[in-house]
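Here is the file data.txt (compact mmCIF, C-alpha atoms).
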```
# COMPACT_ATOMS: atom_id res chain seq x y z
CA MET A 1 0.00 0.00 0.00
CA LYS A 2 2.80 2.30 0.89
CA LYS A 3 4.52 1.57 -2.44
CA LEU A 4 1.29 2.33 -4.35
CA PHE A 5 0.94 5.64 -2.51
CA LEU A 6 4.50 6.64 -3.33
CA LEU A 7 4.07 5.65 -7.00
CA THR A 8 0.88 7.71 -7.28
CA LEU A 9 2.57 10.73 -5.63
CA ALA A 10 5.52 10.48 -8.01
CA SER A 11 3.17 10.35 -11.03
CA PHE A 12 1.28 13.50 -9.93
CA THR A 13 4.57 15.28 -9.25
CA LEU A 14 5.91 14.45 -12.72
CA LEU A 15 2.66 15.55 -14.39
CA PHE A 16 2.57 18.83 -12.46
CA THR A 17 6.22 19.55 -13.26
CA SER A 18 5.62 18.92 -16.95
CA ASN A 19 2.69 21.36 -16.97
CA VAL A 20 4.75 24.03 -15.19
CA PHE A 21 7.59 23.71 -17.71
CA ALA A 22 5.07 23.81 -20.54
CA GLN A 23 3.65 27.08 -19.21
CA PHE A 24 7.03 28.75 -18.72
CA GLY A 25 8.85 27.27 -21.71
CA GLU A 26 9.66 28.90 -25.08
CA PRO A 27 6.62 30.59 -26.68
CA GLU A 28 5.50 29.48 -30.12
CA VAL A 29 7.22 31.37 -32.93
CA ARG A 30 4.78 33.76 -34.60
CA LYS A 31 5.11 34.49 -38.27
CA LYS A 32 5.43 38.11 -39.33
CA ASP A 33 2.38 39.69 -40.88
CA VAL A 34 2.68 40.43 -44.59
CA PRO A 35 3.28 44.20 -44.97
CA LYS A 36 0.50 46.16 -46.62
CA ASN A 37 1.04 46.42 -50.35
CA LEU A 38 -0.76 47.61 -53.46
CA TYR A 39 -1.37 44.09 -54.79
CA ASP A 40 -3.12 42.73 -51.68
CA GLU A 41 -5.02 45.98 -51.15
CA GLY A 42 -6.56 45.61 -54.62
CA TYR A 43 -4.80 48.48 -56.39
CA LYS A 44 -3.66 47.24 -59.79
CA SER A 45 -3.09 50.40 -61.87
CA GLY A 46 -2.12 54.03 -61.39
CA PHE A 47 -1.22 57.27 -63.13
CA GLY A 48 0.91 60.17 -61.97
CA PHE A 49 2.18 63.51 -63.20
CA VAL A 50 5.98 63.75 -63.23
CA PHE A 51 7.92 66.92 -62.38
CA GLY A 52 11.72 66.68 -62.56
CA ALA A 53 14.94 68.62 -62.76
CA ASN A 54 18.47 67.77 -63.90
CA ASP A 55 21.53 69.48 -65.37
CA PHE A 56 19.62 70.07 -68.62
CA GLY A 57 16.75 71.97 -66.99
CA PHE A 58 13.21 71.16 -65.91
CA GLY A 59 10.91 68.53 -67.34
CA VAL A 60 7.29 67.40 -67.05
CA GLY A 61 5.45 64.28 -68.08
CA GLY A 62 3.20 61.42 -67.09
CA GLN A 63 3.66 57.89 -65.78
CA TYR A 64 1.35 54.86 -65.96
CA ARG A 65 1.96 52.12 -63.39
CA LYS A 66 0.84 48.48 -63.43
CA VAL A 67 1.14 46.36 -60.27
CA VAL A 68 2.42 42.89 -61.19
CA SER A 69 3.10 41.39 -57.72
CA ARG A 70 3.18 42.38 -54.05
CA TYR A 71 6.34 44.44 -54.33
CA THR A 72 6.87 44.88 -58.08
CA GLU A 73 5.39 47.37 -60.54
CA ALA A 74 5.90 47.99 -64.25
CA HIS A 75 5.71 51.56 -65.51
CA LEU A 76 5.49 53.49 -68.77
CA THR A 77 6.80 57.07 -68.62
CA PHE A 78 6.63 59.95 -71.11
CA LYS A 79 8.47 63.23 -70.51
CA ILE A 80 9.18 66.56 -72.18
CA SER A 81 12.40 68.32 -71.20
CA GLY A 82 15.12 70.56 -72.52
CA LEU A 83 18.51 69.21 -73.53
CA LYS A 84 21.74 71.16 -73.60
CA ASP A 85 25.44 70.57 -73.94
CA PRO A 86 27.12 70.48 -70.49
CA ARG A 87 29.90 72.72 -71.86
CA GLU A 88 27.60 75.66 -72.58
CA GLN A 89 27.27 78.67 -70.27
CA THR A 90 24.39 81.12 -69.94
CA PHE A 91 24.82 84.86 -69.42
CA ILE A 92 21.92 87.10 -68.36
CA ASP A 93 21.48 90.81 -69.09
CA TYR A 94 20.20 92.03 -65.72
CA PHE A 95 18.91 95.29 -67.20
CA PHE A 96 16.70 93.73 -69.88
CA GLY A 97 16.49 90.11 -68.64
CA THR A 98 17.68 88.61 -71.92
CA LYS A 99 19.76 85.42 -71.92
CA THR A 100 22.71 84.74 -74.19
CA VAL A 101 24.61 81.48 -74.55
CA PRO A 102 27.97 82.00 -76.31
CA GLU A 103 28.78 79.42 -79.00
CA LYS A 104 25.29 77.91 -78.87
CA TYR A 105 24.13 76.68 -82.28
CA ARG A 106 20.82 74.89 -81.77
CA ARG A 107 18.14 74.40 -79.13
CA VAL A 108 16.95 70.86 -78.38
CA ILE A 109 13.76 69.54 -76.79
CA ALA A 110 13.79 65.87 -75.73
CA PHE A 111 10.78 63.55 -75.62
CA PRO A 112 11.88 60.31 -73.89
CA VAL A 113 9.50 57.33 -73.70
CA SER A 114 10.65 54.61 -71.28
CA ILE A 115 9.46 51.26 -69.98
CA GLY A 116 10.75 50.00 -66.65
CA LEU A 117 10.38 47.95 -63.49
CA LYS A 118 10.09 49.21 -59.93
CA LYS A 119 10.93 46.98 -56.94
CA ARG A 120 10.12 47.72 -53.28
CA PHE A 121 12.90 46.94 -50.80
CA LEU A 122 12.95 46.30 -47.03
CA ALA A 123 9.17 45.91 -46.93
CA GLU A 124 9.23 44.04 -43.59
CA ASP A 125 11.63 46.48 -41.94
CA ILE A 126 10.28 49.91 -42.95
CA THR A 127 6.80 51.23 -42.25
CA ASP A 128 4.21 51.01 -45.04
CA ASN A 129 3.84 54.79 -45.40
CA PHE A 130 7.55 55.09 -46.29
CA ARG A 131 8.03 52.50 -49.03
CA PHE A 132 11.61 52.42 -50.30
CA PHE A 133 12.16 51.23 -53.90
CA GLY A 134 14.58 50.99 -56.81
CA SER A 135 13.74 51.44 -60.48
CA LEU A 136 15.35 50.74 -63.87
CA SER A 137 13.95 51.93 -67.19
CA GLY A 138 14.89 52.54 -70.79
CA GLY A 139 13.49 53.27 -74.23
CA PRO A 140 13.64 55.62 -77.22
CA VAL A 141 14.04 59.38 -77.06
CA PHE A 142 12.84 61.74 -79.77
CA ALA A 143 14.82 64.99 -79.94
CA PHE A 144 13.63 68.07 -81.82
CA SER A 145 16.50 70.39 -82.74
CA TYR A 146 16.02 73.92 -84.13
CA PRO A 147 18.32 76.94 -84.70
CA TYR A 148 19.44 79.13 -81.82
CA PHE A 149 20.08 81.96 -84.28
CA ASN A 150 19.45 82.75 -87.93
CA ASP A 151 22.69 81.64 -89.59
CA ARG A 152 22.20 83.75 -92.73
CA ASN A 153 25.52 82.81 -94.35
CA ASP A 154 25.32 79.20 -93.12
CA ASN A 155 28.90 79.17 -91.83
CA GLY A 156 28.16 77.51 -88.46
CA PHE A 157 29.20 80.57 -86.45
CA ARG A 158 27.18 83.48 -85.08
CA GLU A 159 28.58 86.87 -86.06
CA ASN A 160 27.76 89.06 -83.06
CA ASN A 161 29.87 92.17 -83.67
CA ASN A 162 29.09 94.52 -86.55
CA VAL A 163 32.51 96.21 -86.41
CA ARG A 164 34.47 92.97 -86.24
CA TYR A 165 32.44 90.84 -88.67
CA GLY A 166 30.41 93.40 -90.63
CA THR A 167 27.08 91.92 -89.51
CA ILE A 168 25.12 90.80 -86.44
CA GLU A 169 23.14 87.57 -86.25
CA ARG A 170 20.84 87.89 -83.25
CA PRO A 171 19.59 84.88 -81.25
CA ASN A 172 16.08 83.67 -81.95
CA ASP A 173 13.54 83.65 -79.17
CA VAL A 174 12.27 80.31 -77.90
CA PHE A 175 9.40 80.23 -80.40
CA THR A 176 11.38 81.25 -83.50
CA GLY A 177 13.11 78.88 -85.91
CA TRP A 178 10.80 75.88 -85.43
CA SER A 179 10.16 75.62 -89.18
CA GLU A 180 13.90 74.97 -89.70
CA GLY A 181 14.02 72.24 -87.04
CA GLY A 182 14.39 68.50 -87.40
CA TRP A 183 13.95 65.27 -85.46
CA ARG A 184 16.61 62.87 -84.17
CA LEU A 185 16.07 59.43 -82.66
CA GLY A 186 18.15 58.14 -79.78
CA LEU A 187 18.14 55.93 -76.70
CA SER A 188 17.40 56.88 -73.11
CA GLY A 189 17.79 55.13 -69.78
CA SER A 190 17.64 55.77 -66.05
CA ALA A 191 18.41 54.15 -62.70
CA GLU A 192 16.68 55.57 -59.64
CA LEU A 193 16.05 55.11 -55.93
CA GLY A 194 12.94 56.52 -54.38
CA ILE A 195 10.23 56.56 -51.73
CA ASP A 196 6.46 56.13 -52.01
CA PHE A 197 4.78 58.16 -49.28
CA ASN A 198 1.34 57.90 -47.64
CA SER A 199 -0.36 54.85 -46.13
CA ASN A 200 -3.44 55.62 -48.24
CA PHE A 201 -2.51 53.65 -51.35
CA ALA A 202 -5.15 55.42 -53.44
CA ASN A 203 -2.92 58.52 -53.43
CA LEU A 204 0.28 58.30 -55.47
CA GLN A 205 3.08 60.40 -53.98
CA SER A 206 6.67 59.55 -54.92
CA PHE A 207 10.12 61.08 -54.71
CA GLN A 208 12.93 59.73 -56.93
CA PHE A 209 16.65 60.42 -57.15
CA GLY A 210 18.91 58.89 -59.76
CA TYR A 211 20.81 59.14 -63.02
CA ASN A 212 19.51 59.35 -66.58
CA PHE A 213 21.18 59.49 -69.97
CA TYR A 214 20.52 60.03 -73.68
CA TYR A 215 22.54 58.54 -76.52
CA PHE A 216 22.38 59.58 -80.19
CA GLU A 217 24.39 57.51 -82.65
CA ASN A 218 25.17 60.45 -84.95
CA GLY A 219 25.34 63.02 -82.16
CA LEU A 220 23.59 66.35 -81.70
CA GLN A 221 25.20 69.59 -82.85
CA ILE A 222 24.17 71.88 -79.99
CA LEU A 223 27.27 74.11 -79.94
CA GLU A 224 28.76 75.93 -82.93
CA PRO A 225 30.53 73.59 -85.37
CA ALA A 226 32.85 76.41 -86.55
CA GLN A 227 34.75 79.41 -85.23
CA PRO A 228 36.47 82.31 -87.03
CA GLN A 229 39.92 81.82 -88.46
CA LEU A 230 42.16 84.46 -86.90
CA SER A 231 45.23 86.19 -88.24
CA PRO A 232 48.39 86.52 -86.10
CA ASP A 233 47.15 89.86 -84.76
CA GLY A 234 43.87 88.27 -83.60
CA SER A 235 41.59 89.74 -86.26
CA PRO A 236 39.21 87.53 -88.31
CA VAL A 237 40.34 86.44 -91.76
CA PHE A 238 38.21 87.40 -94.79
CA VAL A 239 38.58 86.14 -98.35
CA ASP A 240 36.48 87.98 -100.94
CA SER A 241 34.48 89.52 -98.06
CA GLU A 242 33.66 86.07 -96.71
CA LEU A 243 34.60 85.16 -93.14
CA GLN A 244 36.92 82.16 -92.99
CA THR A 245 36.22 79.56 -90.32
CA VAL A 246 37.89 76.51 -88.77
CA PRO A 247 36.26 73.52 -86.99
CA ASN A 248 35.08 74.06 -83.45
CA PHE A 249 32.74 71.68 -81.54
CA ASP A 250 31.91 68.19 -82.80
CA PRO A 251 28.42 66.66 -82.44
CA LYS A 252 28.00 65.18 -78.96
CA LYS A 253 26.60 61.63 -78.68
CA PHE A 254 26.19 61.01 -74.94
CA TYR A 255 24.34 63.21 -72.45
CA GLY A 256 24.10 62.15 -68.80
CA SER A 257 22.88 63.85 -65.66
CA VAL A 258 21.80 63.31 -62.06
CA GLN A 259 18.10 64.03 -61.69
CA ILE A 260 15.36 64.34 -59.06
CA SER A 261 11.67 63.73 -59.74
CA PHE A 262 8.37 64.13 -57.92
CA ILE A 263 5.28 62.14 -58.96
CA PHE A 264 1.72 62.97 -57.88
CA GLY A 265 -1.34 60.97 -58.94
CA TRP A 266 -3.72 58.20 -57.97
CA MET A 267 -4.13 54.40 -57.98
CA TRP A 268 -7.18 52.31 -58.81
CA ASP A 269 -8.23 48.67 -58.92
```
Rewrite the structure of this file - the entire thing - as structure tokens.
Amino acid sequence: MKKLFLLTLASFTLLFTSNVFAQFGEPEVRKKDVPKNLYDEGYKSGFGFVFGANDFGFGVGGQYRKVVSRYTEAHLTFKISGLKDPREQTFIDYFFGTKTVPEKYRRVIAFPVSIGLKKRFLAEDITDNFRFFGSLSGGPVFAFSYPYFNDRNDNGFRENNNVRYGTIERPNDVFTGWSEGGWRLGLSGSAELGIDFNSNFANLQSFQFGYNFYYFENGLQILEPAQPQLSPDGSPVFVDSELQTVPNFDPKKFYGSVQISFIFGWMWD
């Protein structure tokens, strides 16, 4: 009887000890909740207006987005922006507000069309209203080039001193010379890092920082292709009253710049 009592007591003690250890042991591992994302929230498409700036000036455009998975989007972007040679310098007449760019030959407006992918990073580590992403894109760029001045003698150089050259070729305004313009086709590309703001996914608010480039196989002649031939005393050389010139700037093929962009728009299902 005594042995039975001791055996029963030992059994209850072992059972109680097991329950205590079970209560104070390691808790069950809980899986992390899936971060909120456009795909699970039902937003499949979006459109935004793009406002950007780089070394070439300001640009505007539009961007269509298509959500393809929880953290990946495809996008189609169209922009309009100015394009200039990085070697050119602008001088402003502070009395009349006019701008002059020495040695400038043509103005260029760029129309890049790009297709790309956008990938969200660190989704489980950064809050949903501060969505960090990277983006790569590329596509064609259409460039419209038109004269910066009326080159009456077609010598590739702007005569700007009546005493020195016997004539003055004044710069055109922004809206003059379009009829003498032409189109060039090139390639464009960009790599960017950015942030999507706002926990309300219906509102599209993005900031992007990155690098973009344009490439034209035959180059763009933005700066003057010729300059005056000078005599030993520094005066321009004339033959039969015609100014003699020598080569100056070659057409430039590659244009690259750091850029920042802001996108504002909306998403829908």
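With only the atoms specified (only C-alpha atoms) counting, those residues at most 9 Å away from (20.7, 86.4, -78.4) are Thr98, Lys99, Thr100, Val101, Pro102, Tyr148, Phe149, Asn160, Glu169, Arg170, Pro171, Asn172 and Asp173 of chain A.
Candidate residues A:Leu38, A:Leu83, A:Ala123, A:Leu76 were compared for distance to Ala53 in chain A, and the nearest is A:Leu83, using all atoms listed in the file.
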What is the CA of Lys253 in chain A to CA of Glu103 in chain A distance in Å?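 Distance between the two atoms: 17.9 Å.
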Counting all atoms listed in the file, give me one row per residue of range 82-148 of chain A with an atom at most 12 Å from an atom of range 248-251 of chain A, showing the shortest contact pair and its distance in Å to one decimal, sorted by chain then residue number, as JSON lines.
```
{"residue": "A:Lys84", "atom": "CA", "partner": "A:Pro251", "partner_atom": "CA", "distance": 12.0}
{"residue": "A:Asp85", "atom": "CA", "partner": "A:Pro251", "partner_atom": "CA", "distance": 9.8}
{"residue": "A:Arg87", "atom": "CA", "partner": "A:Phe249", "partner_atom": "CA", "distance": 10.1}
{"residue": "A:Glu88", "atom": "CA", "partner": "A:Phe249", "partner_atom": "CA", "distance": 11.1}
{"residue": "A:Glu103", "atom": "CA", "partner": "A:Phe249", "partner_atom": "CA", "distance": 9.1}
{"residue": "A:Lys104", "atom": "CA", "partner": "A:Phe249", "partner_atom": "CA", "distance": 10.1}
{"residue": "A:Tyr105", "atom": "CA", "partner": "A:Phe249", "partner_atom": "CA", "distance": 10.0}
{"residue": "A:Arg106", "atom": "CA", "partner": "A:Pro251", "partner_atom": "CA", "distance": 11.2}
```
Counting all atoms listed in the file, find residues at most 12 Å from (4.3, 42.4, -53.1) (file frame) and give them as a PyMOL selection string. chain A and resi 34-44+67-73+118-124+128+131+133
Atom-to-atom span, CA of Gln259 in chain A and CA of Asn54 in chain A, Å: 4.4 Å
May I ask for the distance between CA of Tyr146 in chain A and CA of Gly182 in chain A, given in Å to one decimal place? 6.5 Å
Which residue, A:Pro147, A:Ser179, A:Val174, A:Phe142, has the smallest gap to Tyr215 in chain A when you use only C-alpha atoms?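 Counting only C-alpha atoms, the residue closest to Tyr215 in chain A is A:Phe142.
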Under the rule that all atoms listed in the file are counted, which of A:Gly166, A:Gly189, A:Gly210, A:Gly62 is the nearest residue to Pro236 in chain A?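 Result for the nearest residue to Pro236 in chain A: A:Gly166.
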For a quick check of understanding, using all atoms listed in the file, which of A:Tyr214, A:Phe95, A:Phe207, A:Phe49 has the smallest distance to Ser261 in chain A?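 Smallest distance to Ser261 in chain A is found for A:Phe207.
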Distance query Phe47 in chain A at most 9 Å, all atoms listed in the file, self and fewer than 6 positions along chain excluded, as number ranges by chain: A: 62-65, 204, 264-268
Shortest interatomic distance to Ile126 in chain A - which of A:Asp196, A:Lys252, A:Phe91, A:Lys66, counting only C-alpha atoms: A:Asp196
